[in-house]
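K.L.:
Before I ask anything, here is the structure I am working with.
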Amino acid sequence: MRKRVTKAIFPVAGMGTRFLPATKSVPKEIMTLVDRPLVQYAIDEARAAGIKEFIFVTSRGKGALEDYFDHSPILEQELRKKGKDDLLEALKATNMDSGAIAYIRQHKALGLGHAVWCARRLIGNEPFAVMLPDDVIAAETPCLQQMVEAYEQTGGNMVAAMEVPPEKTKAYGVLDVEEDMGHMVKVKAMVEKPEPAEAPSNLAVIGRYILEPSVLRTLNNMRTGAGGEIQLTDAIAADIGSENGVYGYRFRGQRFDCGSKAGFLQATVAFGLAREDLRDDLHRFLTEITQVDKAAE
């Protein structure tokens, strides 16, 4: 019987330099889309997929991220006293049970593969998920839940994938497809950040993975790849042709790259318009500024 995926690694050690000066004192992962931090979207998605153990790979200066998941008895007491039950319910999603969450330090920024390797002792010999909070995915069925359901049928290693414009392949790991089965593709090679003319396809890997422990054993070799970093893509590619195999999963949903300012703003607007309490005012504002821009032209 195939083991269930119950552990997830969240690599959050980056310095968030693209969002300076805000990230001088605020970890990027707790910057908010509307009223929820980026990391909360990832946690909610992981919970929906059946994840029970949450492993954060952090670095110096991430104390506020760790505090975010603590209980806040004084705040909860004040909200209860004032009868603000809706806010109390919102706080419940931010609390973690004792023992459900762990923090591991990555002392040197040696790449995504190295960040995942740092959590190896907490993974052991089990399949696990990797989630990058920068990639926020709006979907009726959460992306990782879609992948877990597909993994139960295939096993092996699975990466979330989406088509990108050919000129943008150099920003992603790209899949070379052996067999296309619709939502699922069987992978025969993975190329990290290829130039458009050298890319085997425009099917790019984004920040959701379900991986076998064999990937961690490959990462033990500490081989550097593109950019002089230890690339997770290279370690996954080592399983191609093995019993585990590698699959790409075309998820159903809209992905926002919240590691960029433009993507973060787009996500803020999209999630704001999806909220009944904000939709009308925000739509009215967007309509007004669009009309002003047209008049100016």
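Residues are referred to by chain and number: the chain letter is A, B, ... according to the order shown in the structure tokens, the number counts from 1 in that chain, and ligands are numbered separately from 1 in the order shown.
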May I have the residues within 7 Å of range 212-223 of chain A as a PyMOL selection string, using only C-alpha atoms and disregarding those fewer than 5 positions away in the same chain?
P.N.:
chain A and resi 113+117+120+125-128+156-157+230+235-236
K.L.:
As a PyMOL selection string, please: the residues near range 72-74 of chain A (cut-off 12 Å, only C-alpha atoms, same-chain neighbours under 6 positions excluded).
P.N.:
chain A and resi 80-81+88+91-92+94-96
K.L.:
Please, could you write that set of residues out with N, CA and C atoms as a PDB file, in the first residue's frame?
P.N.:
ATOM      1  N   ARG A  80     -13.024  37.710  22.409  1.00  0.00           N
ATOM      2  CA  ARG A  80     -14.141  36.978  23.009  1.00  0.00           C
ATOM      3  C   ARG A  80     -14.970  37.910  23.894  1.00  0.00           C
ATOM      4  N   LYS A  81     -14.280  38.766  24.644  1.00  0.00           N
ATOM      5  CA  LYS A  81     -14.959  39.697  25.544  1.00  0.00           C
ATOM      6  C   LYS A  81     -15.838  40.671  24.761  1.00  0.00           C
ATOM      7  N   LEU A  88     -12.425  35.727  15.866  1.00  0.00           N
ATOM      8  CA  LEU A  88     -11.907  34.564  16.590  1.00  0.00           C
ATOM      9  C   LEU A  88     -11.787  33.356  15.665  1.00  0.00           C
ATOM     10  N   LEU A  91      -8.798  33.682  13.460  1.00  0.00           N
ATOM     11  CA  LEU A  91      -7.545  33.410  14.169  1.00  0.00           C
ATOM     12  C   LEU A  91      -7.267  31.920  14.293  1.00  0.00           C
ATOM     13  N   LYS A  92      -8.318  31.112  14.365  1.00  0.00           N
ATOM     14  CA  LYS A  92      -8.129  29.672  14.544  1.00  0.00           C
ATOM     15  C   LYS A  92      -7.266  29.074  13.439  1.00  0.00           C
ATOM     16  N   THR A  94      -4.809  30.313  12.033  1.00  0.00           N
ATOM     17  CA  THR A  94      -3.394  30.688  12.164  1.00  0.00           C
ATOM     18  C   THR A  94      -2.694  29.903  13.268  1.00  0.00           C
ATOM     19  N   ASN A  95      -3.452  29.172  14.062  1.00  0.00           N
ATOM     20  CA  ASN A  95      -2.863  28.439  15.182  1.00  0.00           C
ATOM     21  C   ASN A  95      -2.399  27.053  14.756  1.00  0.00           C
ATOM     22  N   MET A  96      -1.272  26.621  15.296  1.00  0.00           N
ATOM     23  CA  MET A  96      -0.746  25.289  15.039  1.00  0.00           C
ATOM     24  C   MET A  96      -0.705  24.506  16.346  1.00  0.00           C
TER      25      MET A  96
END
K.L.:
Kindly give the distance, in Å, that separates CA of Pro196 in chain A and CA of Glu167 in chain A, rounded to a single decimal.
P.N.:
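CA of Pro196 in chain A sits 5.4 Å away from CA of Glu167 in chain A.
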K.L.:
Determine, counting only C-alpha atoms, which protein, DNA and RNA residues have an atom within 7 Å of an atom of Glu29 in chain A; residues of the same chain fewer than 4 positions away are not included. Present the result as a PyMOL selection string.
P.N.:
chain A and resi 37-39+133
